[in-house]
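S.K.: For reference, this is input_37.txt, and it has compact mmCIF, C-alpha atoms.
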```txt
# COMPACT_ATOMS: atom_id res chain seq x y z
CA MET A 930 0.00 0.00 0.00
CA GLU A 931 2.72 2.38 -1.03
CA GLN A 932 0.17 4.54 -2.82
CA GLN A 933 -1.95 4.87 0.32
CA ALA A 934 1.10 5.76 2.39
CA PHE A 935 2.06 8.42 -0.15
CA LEU A 936 -1.40 9.96 0.11
CA GLU A 937 -1.44 9.91 3.91
CA ARG A 938 1.96 11.54 4.07
CA ALA A 939 0.95 14.18 1.53
CA MET A 940 -2.23 15.04 3.46
CA GLU A 941 -0.38 15.19 6.75
CA GLN A 942 2.43 17.41 5.49
CA TYR A 943 0.66 19.54 2.89
CA GLY A 944 -3.02 19.34 3.77
CA LYS A 945 -3.07 22.61 5.67
CA ALA A 946 -1.13 24.56 3.02
CA THR A 947 -3.28 23.12 0.25
CA TYR A 948 -6.52 23.86 2.06
CA ASN A 949 -5.46 27.44 2.82
CA PHE A 950 -4.40 28.00 -0.77
CA ALA A 951 -7.75 26.63 -1.96
CA TYR A 952 -9.58 28.84 0.53
CA ARG A 953 -7.71 31.96 -0.59
CA LEU A 954 -8.51 31.16 -4.18
CA THR A 955 -12.19 30.47 -3.69
CA ARG A 956 -12.92 32.74 -0.67
CA ASN A 957 -15.39 30.07 0.31
CA GLU A 958 -15.04 27.27 2.86
CA ALA A 959 -17.31 24.75 1.17
CA ASP A 960 -15.54 25.19 -2.18
CA ALA A 961 -12.14 25.06 -0.51
CA ARG A 962 -13.06 21.73 1.11
CA ASP A 963 -14.26 20.27 -2.18
CA LEU A 964 -11.25 21.58 -4.05
CA THR A 965 -8.78 20.20 -1.50
CA GLN A 966 -10.53 16.84 -1.40
CA GLU A 967 -10.53 16.49 -5.18
CA ALA A 968 -6.90 17.61 -5.35
CA PHE A 969 -5.79 14.84 -2.98
CA ILE A 970 -7.84 12.28 -4.89
CA ARG A 971 -5.91 13.37 -7.99
CA VAL A 972 -2.67 13.06 -6.05
CA TYR A 973 -3.62 9.51 -5.11
CA LYS A 974 -4.47 8.56 -8.68
CA ALA A 975 -1.45 10.23 -10.24
CA TRP A 976 1.04 9.53 -7.47
CA LYS A 977 3.48 7.82 -9.83
CA SER A 978 3.75 10.92 -11.98
CA PHE A 979 5.21 12.91 -9.08
CA LYS A 980 8.95 13.23 -9.56
CA PRO A 981 10.88 12.87 -6.30
CA GLY A 982 13.14 15.83 -5.71
CA THR A 983 10.66 18.32 -7.19
CA SER A 984 8.37 20.54 -5.15
CA PHE A 985 5.26 18.71 -4.00
CA LEU A 986 3.61 22.04 -3.15
CA SER A 987 4.11 23.34 -6.69
CA TRP A 988 2.60 20.12 -7.99
CA ILE A 989 -0.48 20.22 -5.79
CA TYR A 990 -0.94 23.97 -6.28
CA ARG A 991 -0.98 23.30 -9.98
CA ILE A 992 -3.64 20.64 -9.47
CA VAL A 993 -5.69 22.99 -7.27
CA THR A 994 -5.35 25.87 -9.75
CA ASN A 995 -6.48 23.70 -12.65
CA LEU A 996 -9.40 22.26 -10.70
CA HIS A 997 -10.43 25.75 -9.65
CA ARG A 998 -10.36 26.98 -13.24
CA ASP A 999 -12.39 23.98 -14.39
CA GLU A 1000 -14.92 24.68 -11.68
CA LEU A 1001 -15.10 28.37 -12.58
CA ARG A 1002 -15.65 27.45 -16.22
CA ARG A 1003 -18.31 24.96 -15.20
CA ARG A 1004 -20.13 27.50 -13.10
CA LYS A 1005 -19.49 30.23 -15.68
CA GLY A 1006 -17.61 32.37 -13.22
CA ARG A 1007 -20.32 32.46 -10.62
CA TYR A 1008 -18.59 31.46 -7.42
CA LEU A 1009 -20.39 31.93 -4.15
CA GLU A 1010 -18.54 34.42 -2.02
CA GLU A 1011 -18.59 34.12 1.72
CA ILE A 1012 -17.41 37.55 2.81
CA PRO A 1013 -18.54 38.05 6.38
CA GLU A 1014 -20.52 41.08 7.37
CA ALA A 1015 -18.71 43.78 9.33
CA GLY A 1016 -18.10 42.63 12.88
CA GLU A 1017 -19.38 39.15 12.17
CA PRO A 1018 -16.86 36.47 13.12
CA GLN A 1019 -15.79 34.10 10.35
CA GLU A 1020 -16.57 30.43 10.61
CA TYR A 1021 -13.55 28.24 10.80
CA GLY A 1022 -13.59 24.66 9.59
CA GLY A 1023 -10.60 23.67 11.68
CA GLY A 1024 -8.88 25.04 14.74
CA ARG A 1025 -7.34 28.50 14.79
CA PRO A 1026 -3.57 28.70 14.97
CA LEU A 1027 -2.46 28.64 18.58
CA ALA A 1028 0.16 31.35 18.26
CA VAL A 1029 -0.81 34.58 16.51
CA ALA A 1030 1.87 37.16 15.83
CA PRO A 1031 1.07 40.77 16.91
CA ILE A 1032 0.95 42.06 13.31
CA GLU A 1033 -1.57 39.36 12.49
CA GLU A 1034 -3.73 40.45 15.39
CA TYR A 1035 -3.54 44.01 14.12
CA VAL A 1036 -4.42 43.00 10.58
CA GLU A 1037 -7.24 40.80 11.80
CA GLY A 1038 -8.63 43.63 13.90
CA HIS A 1039 -8.20 46.56 11.55
CA LEU A 1040 -7.21 45.57 8.06
CA SER A 1041 -8.68 42.16 7.50
CA GLU A 1042 -11.86 43.38 5.91
CA PRO A 1043 -10.30 45.88 3.46
CA VAL A 1044 -7.66 43.36 2.38
CA SER A 1045 -10.24 40.60 2.10
CA LYS A 1046 -12.50 42.79 0.00
CA ALA A 1047 -9.60 43.98 -2.14
CA LEU A 1048 -8.52 40.40 -2.85
CA ALA A 1049 -12.09 39.49 -3.67
CA GLY A 1050 -12.13 42.44 -6.08
CA LEU A 1051 -9.36 40.91 -8.19
CA SER A 1052 -10.11 38.58 -11.05
CA SER A 1053 -9.50 34.92 -10.36
CA GLU A 1054 -6.45 34.98 -12.63
CA GLN A 1055 -4.97 38.00 -10.84
CA ARG A 1056 -5.71 36.50 -7.42
CA GLU A 1057 -3.86 33.29 -8.34
CA ILE A 1058 -0.72 35.25 -9.20
CA VAL A 1059 -0.82 37.51 -6.14
CA LEU A 1060 -1.40 34.57 -3.79
CA LEU A 1061 1.47 32.61 -5.26
CA ALA A 1062 3.91 35.53 -5.47
CA ASP A 1063 3.15 37.45 -2.28
CA ILE A 1064 1.69 34.94 0.13
CA GLU A 1065 3.25 31.65 -0.93
CA GLY A 1066 6.52 33.33 -1.88
CA CYS A 1067 6.92 31.43 -5.15
CA SER A 1068 9.38 32.61 -7.77
CA TYR A 1069 8.07 33.86 -11.10
CA GLN A 1070 9.34 30.67 -12.72
CA GLU A 1071 7.50 28.46 -10.22
CA ILE A 1072 4.33 30.50 -10.72
CA GLY A 1073 4.67 30.08 -14.48
CA GLN A 1074 4.86 26.31 -14.01
CA ILE A 1075 1.90 26.26 -11.65
CA VAL A 1076 -0.46 28.41 -13.68
CA GLY A 1077 0.91 27.33 -17.05
CA CYS A 1078 2.28 30.54 -18.56
CA SER A 1079 5.60 32.23 -19.28
CA VAL A 1080 7.67 34.21 -16.78
CA GLY A 1081 6.94 37.35 -18.81
CA THR A 1082 3.19 36.77 -18.47
CA VAL A 1083 3.56 36.18 -14.74
CA ARG A 1084 5.47 39.42 -14.41
CA SER A 1085 2.93 41.51 -16.33
CA ARG A 1086 -0.06 39.90 -14.57
CA LEU A 1087 1.52 40.47 -11.17
CA HIS A 1088 2.22 44.12 -11.91
CA ARG A 1089 -1.33 44.69 -13.09
CA ALA A 1090 -2.80 42.79 -10.13
CA ARG A 1091 -0.75 44.66 -7.58
CA GLY A 1092 -1.68 47.99 -9.15
CA GLN A 1093 -5.34 47.03 -8.85
CA LEU A 1094 -4.83 45.75 -5.33
CA ARG A 1095 -3.18 48.99 -4.18
CA LYS A 1096 -6.16 50.99 -5.39
CA LEU A 1097 -8.70 48.65 -3.82
CA VAL A 1098 -6.95 48.39 -0.45
CA THR A 1099 -6.67 52.19 -0.26
CA ARG A 1100 -10.33 52.62 -1.19
CA TYR A 1101 -11.62 50.05 1.33
CA MET A 1102 -9.35 51.32 4.08
CA LYS A 1103 -10.70 54.85 3.57
CA SER A 1104 -14.29 53.67 3.56
CA SER A 1105 -13.80 51.60 6.73
CA THR A 1106 -12.42 54.52 8.80
CA MET B 564 21.28 48.28 -16.38
CA ILE B 565 19.07 50.81 -14.56
CA GLU B 566 20.48 54.31 -14.99
CA SER B 567 17.51 56.52 -14.02
CA HIS B 568 14.80 56.02 -11.38
CA PRO B 569 13.51 52.48 -11.37
CA THR B 570 9.92 51.99 -12.49
CA ILE B 571 7.24 50.62 -10.15
CA GLU B 572 7.47 47.33 -12.08
CA GLU B 573 11.21 47.17 -11.43
CA LEU B 574 10.64 47.90 -7.76
CA VAL B 575 8.07 45.08 -7.59
CA ASP B 576 10.50 42.70 -9.28
CA TYR B 577 13.25 43.89 -6.94
CA ALA B 578 11.02 43.28 -3.91
CA HIS B 579 10.35 39.76 -5.19
CA GLY B 580 14.03 39.09 -5.89
CA GLU B 581 13.36 38.73 -9.60
CA LEU B 582 15.82 41.19 -11.11
CA SER B 583 19.04 40.08 -12.72
CA ALA B 584 22.09 40.42 -10.47
CA PRO B 585 23.39 43.66 -12.09
CA ASP B 586 19.91 45.29 -12.06
CA ASP B 587 19.35 44.18 -8.49
CA ALA B 588 22.64 45.79 -7.45
CA ALA B 589 21.79 48.98 -9.37
CA VAL B 590 18.36 49.33 -7.74
CA HIS B 591 19.85 48.56 -4.35
CA ALA B 592 22.42 51.34 -4.79
CA HIS B 593 19.77 53.73 -6.12
CA LEU B 594 17.42 53.18 -3.17
CA ALA B 595 20.18 54.12 -0.77
CA GLU B 596 20.42 57.54 -2.41
CA CYS B 597 16.89 58.36 -3.58
CA SER B 598 14.29 58.88 -0.86
CA SER B 599 11.28 59.00 -3.19
CA CYS B 600 12.20 55.65 -4.75
CA ALA B 601 12.96 54.28 -1.28
CA ASP B 602 9.43 55.33 -0.19
CA ALA B 603 7.88 53.69 -3.24
CA HIS B 604 9.83 50.52 -2.51
CA THR B 605 8.72 50.60 1.14
CA GLU B 606 5.10 50.83 -0.04
CA GLU B 607 5.52 47.78 -2.24
CA VAL B 608 7.09 45.82 0.58
CA ALA B 609 4.32 46.98 2.94
CA LEU B 610 1.66 45.70 0.53
CA THR B 611 3.30 42.27 0.48
CA GLN B 612 3.59 42.29 4.29
CA LEU B 613 -0.06 43.28 4.57
CA LEU B 614 -1.10 40.39 2.34
CA ARG B 615 1.04 37.92 4.26
CA ALA B 616 -0.22 39.13 7.61
CA HIS B 617 -3.80 38.89 6.38
CA ALA B 618 -3.18 35.37 5.12
CA GLY B 619 -1.53 34.41 8.41
CA ALA B 620 -4.44 35.76 10.43
CA GLU B 621 -6.89 33.87 8.25
CA GLU B 622 -4.94 30.62 8.26
CA ARG B 623 -6.73 27.50 9.45
CA GLU B 624 -6.26 23.76 9.70
CA MET B 625 -7.57 21.51 6.99
CA PRO B 626 -10.95 20.21 8.20
CA VAL B 627 -10.86 16.57 9.29
CA ALA B 628 -13.78 15.90 6.96
CA VAL B 629 -11.57 16.58 3.93
CA ALA B 630 -9.12 13.76 4.70
CA ALA B 631 -12.03 11.48 5.59
CA GLY B 632 -13.72 12.33 2.30
CA VAL B 633 -10.56 11.54 0.34
CA ARG B 634 -10.18 8.16 2.07
CA GLU B 635 -13.80 7.31 1.47
CA ALA B 636 -13.58 8.31 -2.21
CA ILE B 637 -10.50 6.22 -2.90
CA THR B 638 -11.88 3.11 -1.19
CA ARG B 639 -15.14 3.49 -3.11
CA ARG B 640 -13.32 3.59 -6.44
CA PRO B 641 -11.94 0.24 -7.59
CA ALA B 642 -8.26 0.60 -8.21
CA PHE B 643 -6.89 -0.71 -11.47
CA GLY B 644 -6.52 -3.88 -13.52
CA TRP B 645 -8.02 -7.02 -12.04
CA GLU B 646 -10.07 -5.23 -9.39
CA ARG B 647 -11.62 -2.99 -12.01
CA LEU B 648 -12.36 -6.03 -14.20
CA GLN B 649 -13.96 -7.81 -11.24
CA ALA B 650 -16.10 -4.78 -10.55
CA ALA B 651 -17.13 -4.65 -14.21
CA LEU B 652 -18.13 -8.31 -14.10
CA ARG B 653 -20.60 -7.95 -11.25
CA PRO B 654 -23.80 -10.03 -11.82
CA ALA B 655 -25.98 -6.94 -11.72
CA LEU B 656 -24.15 -5.63 -14.75
CA VAL B 657 -23.36 -8.87 -16.52
CA LEU B 658 -26.85 -10.40 -16.61
CA PRO B 659 -28.60 -7.62 -18.55
CA VAL B 660 -25.62 -7.34 -20.89
CA ALA B 661 -25.65 -11.11 -21.55
CA ALA B 662 -29.41 -11.10 -22.13
CA ALA B 663 -29.15 -8.19 -24.56
CA LEU B 664 -26.31 -9.95 -26.37
CA ALA B 665 -28.31 -13.19 -26.67
CA VAL B 666 -31.33 -11.34 -28.08
CA ALA B 667 -29.13 -9.44 -30.52
CA LEU B 668 -27.46 -12.67 -31.64
CA TYR B 669 -30.76 -14.51 -32.12
CA PHE B 670 -32.44 -11.77 -34.16
CA GLY B 671 -29.26 -10.90 -35.97
CA PHE B 672 -28.78 -14.52 -37.07
CA ASN B 673 -32.36 -14.88 -38.28
CA THR B 674 -32.20 -11.60 -40.15
CA TRP B 675 -28.98 -12.70 -41.75
CA ARG B 676 -30.53 -16.03 -42.82
CA GLY B 677 -33.63 -14.32 -44.17
CA THR B 678 -32.08 -11.64 -46.28
CA GLY B 679 -28.54 -12.56 -46.94
CA ARG B 680 -29.01 -15.85 -48.82
CA SER B 681 -31.54 -17.07 -51.43
CA THR B 682 -33.08 -20.56 -51.41
CA PRO B 683 -30.82 -22.81 -53.48
CA ILE B 684 -33.47 -24.08 -55.95
CA ASP B 685 -32.78 -23.41 -59.58
CA ALA B 686 -35.09 -23.22 -62.56
CA ALA B 687 -34.06 -26.67 -63.85
CA TYR B 688 -35.93 -28.24 -60.91
CA TYR B 689 -39.25 -26.79 -62.06
CA ILE B 690 -38.66 -27.79 -65.67
CA ASP B 691 -37.81 -31.36 -64.71
CA SER B 692 -40.70 -31.56 -62.23
CA HIS B 693 -43.32 -30.40 -64.74
CA ALA B 694 -41.95 -32.60 -67.52
CA ALA B 695 -42.37 -35.58 -65.18
CA MET B 696 -45.97 -34.56 -64.40
CA ALA B 697 -46.80 -34.48 -68.10
CA ALA B 698 -45.23 -37.88 -68.70
CA ASN B 699 -47.13 -39.50 -65.80
CA ALA B 700 -50.57 -38.24 -66.82
CA SER B 701 -53.09 -41.02 -67.66
CA PHE B 702 -54.46 -41.33 -71.21
CA GLY B 703 -57.90 -40.03 -70.31
CA GLN B 704 -56.50 -36.91 -68.82
CA GLU B 705 -55.26 -33.99 -70.69
CA ALA B 706 -51.70 -33.35 -70.05
CA PRO B 707 -51.01 -30.09 -68.30
CA ALA B 708 -50.03 -27.27 -70.53
CA PRO B 709 -46.30 -26.93 -70.89
CA LEU B 710 -44.88 -24.53 -68.34
CA THR B 711 -43.40 -21.36 -69.64
CA LEU B 712 -41.11 -19.52 -67.26
CA THR B 713 -41.32 -15.84 -68.01
CA SER B 714 -41.18 -12.54 -66.18
CA ASP B 715 -43.24 -10.76 -68.82
CA THR B 716 -46.76 -9.68 -67.91
CA THR B 717 -49.45 -9.01 -70.47
CA PRO B 718 -51.43 -5.74 -70.32
CA ASP B 719 -54.56 -7.76 -69.45
CA GLU B 720 -53.02 -9.13 -66.26
CA THR B 721 -52.27 -5.70 -64.94
CA HIS B 722 -55.81 -4.43 -65.37
```
Produce structure tokens that represent the structure in this file.

M.R.:
Amino acid sequence: MEQQAFLERAMEQYGKATYNFAYRLTRNEADARDLTQEAFIRVYKAWKSFKPGTSFLSWIYRIVTNLHRDELRRRKGRYLEEIPEAGEPQEYGGGRPLAVAPIEEYVEGHLSEPVSKALAGLSSEQREIVLLADIEGCSYQEIGQIVGCSVGTVRSRLHRARGQLRKLVTRYMKSST
Amino acid sequence: MIESHPTIEELVDYAHGELSAPDDAAVHAHLAECSSCADAHTEEVALTQLLRAHAGAEEREMPVAVAAGVREAITRRPAFGWERLQAALRPALVLPVAAALAVALYFGFNTWRGTGRSTPIDAAYYIDSHAAMAANASFGQEAPAPLTLTSDTTPDETH
């Protein structure tokens, strides 16, 4: 049961990262759960195609990104958004992290909503690039491999997305004060 | 090589460590001397920090139900090869398929027999048969008229 062991190890080590990436992409817990589940089923089925020594995260992010795009196409771009109302606590599927850094507390208290809204204001394609570049810390080359485009395209999409994000964050921060 | 003020795009690439080594060194040197570019760079870095902090604050564990769902899905699906063949040969599936195949074979065979081949009786049989009938007729009886095999039809027969 080498295949089963591979899956269990992948879920244990990368389940959290994969789920959070899926959640940031979809902005929706139910979709993130479905996306993560389907991604690990794909991992199980295609486990022999994973090349040892390469980045498992890049591989599974690529699977998640493709599944998300397929789903968007299937639903014709109508994803349900679960942006909480002001002051309403978010529902969490799992436990919260035990240790929260001070800046995270500050962001959660003051900036979470504007940033959340600004990210939701990006197109799905732009959000993919920003998440991978700024949150996951992937190189442009890795991003190109994950989303299936050239480094030049990654660069131009990231610049456009960040320009859009700057405007949106500023606008939502002003409107929240 | 960057000789003037770096563009916002170059600052973003610099913040992401994506400039070539000479350009990276040039921007680095420029930022040390130019306060407006240094401010713009700080803003770019702050945006990335804001996104990371937001992501960190939002971070959560993968729900237990996800792993359970994956395990359930993979045990429900037959794996490959023999197991898949066994699953395909379940009685519930095989019986209707076999019945449909038998019906198709039966009707297909009969259809083939009915249309594909003609009865192997040639015209010589009729000629010989009728010649024998004429020869065997008793003297008091009139011999049957000689048989003429023709496909022609007279106008009277059609009206």

S.K.: Considering all atoms listed in the file, state which residue in the set A:Phe985, A:Tyr990, A:Tyr1069, A:Phe979 is at the smallest distance from chain B.

M.R.: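 Smallest distance to chain B is found for A:Tyr1069.
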
S.K.: Go through B:Ala663, B:Ala630, B:Ala618, B:Ile571 one by one, measure the shortest atom-to-atom distance of each to A:Val1044 using all atoms listed in the file, and give the residue with the smallest value.

M.R.: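 Closest to A:Val1044 of all the choices is B:Ala618.
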
S.K.: My list of candidates is B:Ala620, B:Ala661, B:Ala667, B:Val629. Which is closest to A:Glu1042 when distances are computed with all atoms listed in the file?

M.R.: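 Looking at the shortest contact to A:Glu1042, the residue is B:Ala620.
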
S.K.: For a quick check of understanding, using only C-alpha atoms, which of A:Ser1052, A:Ser978, A:Thr965, A:Asn957 has the smallest distance to chain B?

M.R.: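 Among A:Ser1052, A:Ser978, A:Thr965, A:Asn957, it is A:Thr965 that comes nearest to chain B.
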
S.K.: Give me, as a tab-separated table, each residue of chain B that comes within 12 Å of chain A, together with its shortest interatomic pair and the distance in Å at one decimal, counting only C-alpha atoms, with rows ordered by chain and rising residue number.

M.R.:
```
residue	atom	partner	partner_atom	distance
B:Thr570	CA	A:His1088	CA	11.0
B:Ile571	CA	A:His1088	CA	8.4
B:Glu572	CA	A:His1088	CA	6.2
B:Glu573	CA	A:His1088	CA	9.5
B:Leu574	CA	A:His1088	CA	10.1
B:Val575	CA	A:His1088	CA	7.3
B:Asp576	CA	A:Arg1084	CA	7.9
B:Tyr577	CA	A:Arg1084	CA	11.7
B:Ala578	CA	A:Asp1063	CA	9.9
B:His579	CA	A:Ser1068	CA	7.7
B:Gly580	CA	A:Ser1068	CA	8.2
B:Glu581	CA	A:Tyr1069	CA	7.3
B:Leu582	CA	A:Tyr1069	CA	10.7
B:Glu606	CA	A:Arg1095	CA	9.4
B:Glu607	CA	A:Arg1091	CA	8.8
B:Val608	CA	A:Asp1063	CA	9.7
B:Ala609	CA	A:Arg1095	CA	10.5
B:Leu610	CA	A:Arg1095	CA	7.5
B:Thr611	CA	A:Asp1063	CA	5.6
B:Gln612	CA	A:Asp1063	CA	8.2
B:Leu613	CA	A:Val1036	CA	7.4
B:Leu614	CA	A:Ile1064	CA	6.5
B:Arg615	CA	A:Ile1064	CA	5.1
B:Ala616	CA	A:Glu1033	CA	5.1
B:His617	CA	A:Val1036	CA	5.9
B:Ala618	CA	A:Ile1064	CA	7.0
B:Gly619	CA	A:Glu1033	CA	6.4
B:Ala620	CA	A:Glu1033	CA	5.0
B:Glu621	CA	A:Glu1037	CA	7.8
B:Glu622	CA	A:Asn949	CA	6.3
B:Arg623	CA	A:Arg1025	CA	5.5
B:Glu624	CA	A:Gly1023	CA	4.8
B:Met625	CA	A:Lys945	CA	4.8
B:Pro626	CA	A:Gly1023	CA	4.9
B:Val627	CA	A:Gly1023	CA	7.5
B:Ala628	CA	A:Arg962	CA	8.3
B:Val629	CA	A:Gln966	CA	5.4
B:Ala630	CA	A:Gln966	CA	7.0
B:Ala631	CA	A:Gln966	CA	8.9
B:Gly632	CA	A:Gln966	CA	6.6
B:Val633	CA	A:Gln966	CA	5.6
B:Arg634	CA	A:Ile970	CA	8.4
B:Glu635	CA	A:Ile970	CA	10.0
B:Ala636	CA	A:Ile970	CA	7.5
B:Ile637	CA	A:Ile970	CA	6.9
B:Thr638	CA	A:Gln933	CA	10.2
B:Arg639	CA	A:Ile970	CA	11.6
B:Arg640	CA	A:Ile970	CA	10.4
B:Pro641	CA	A:Lys974	CA	11.2
B:Ala642	CA	A:Lys974	CA	8.8
B:Phe643	CA	A:Lys974	CA	10.0
```

S.K.: Kindly compute an axis-aligned box around the listed atoms of stretch 568-582 of chain B, allowing 8 Å on each side, and express its centre and edge lengths in Å to one decimal as lines of an AutoDock Vina configuration file.

M.R.:
```
center_x = 11.5
center_y = 47.4
center_z = -8.2
size_x = 24.6
size_y = 33.3
size_z = 24.6
```

S.K.: For atom CA of A:Val972 and atom CA of A:Glu1000, determine how far apart the two atoms are, in Å to one decimal place.

M.R.: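 Atom CA of A:Glu1000 lies 17.8 Å from atom CA of A:Val972.
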
S.K.: Would you work out the distance separating atom CA of A:Thr994 from atom CA of A:Ile1072, expressed in Å to one decimal?

M.R.: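 Result for atom CA of A:Thr994 versus atom CA of A:Ile1072: 10.8 Å, one decimal.
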
S.K.: Could you check how far atom CA of A:Val1080 sits from atom CA of A:Glu1057, in Å to one decimal?

M.R.: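 Straight-line distance from atom CA of A:Val1080 to atom CA of A:Glu1057 works out to 14.3 Å.
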
S.K.: Looking at A:Leu1001, A:Leu1051, A:Leu954, A:Ile1058, which one is nearest to A:Val1076, with distances taken over all atoms listed in the file?

M.R.: A:Ile1058
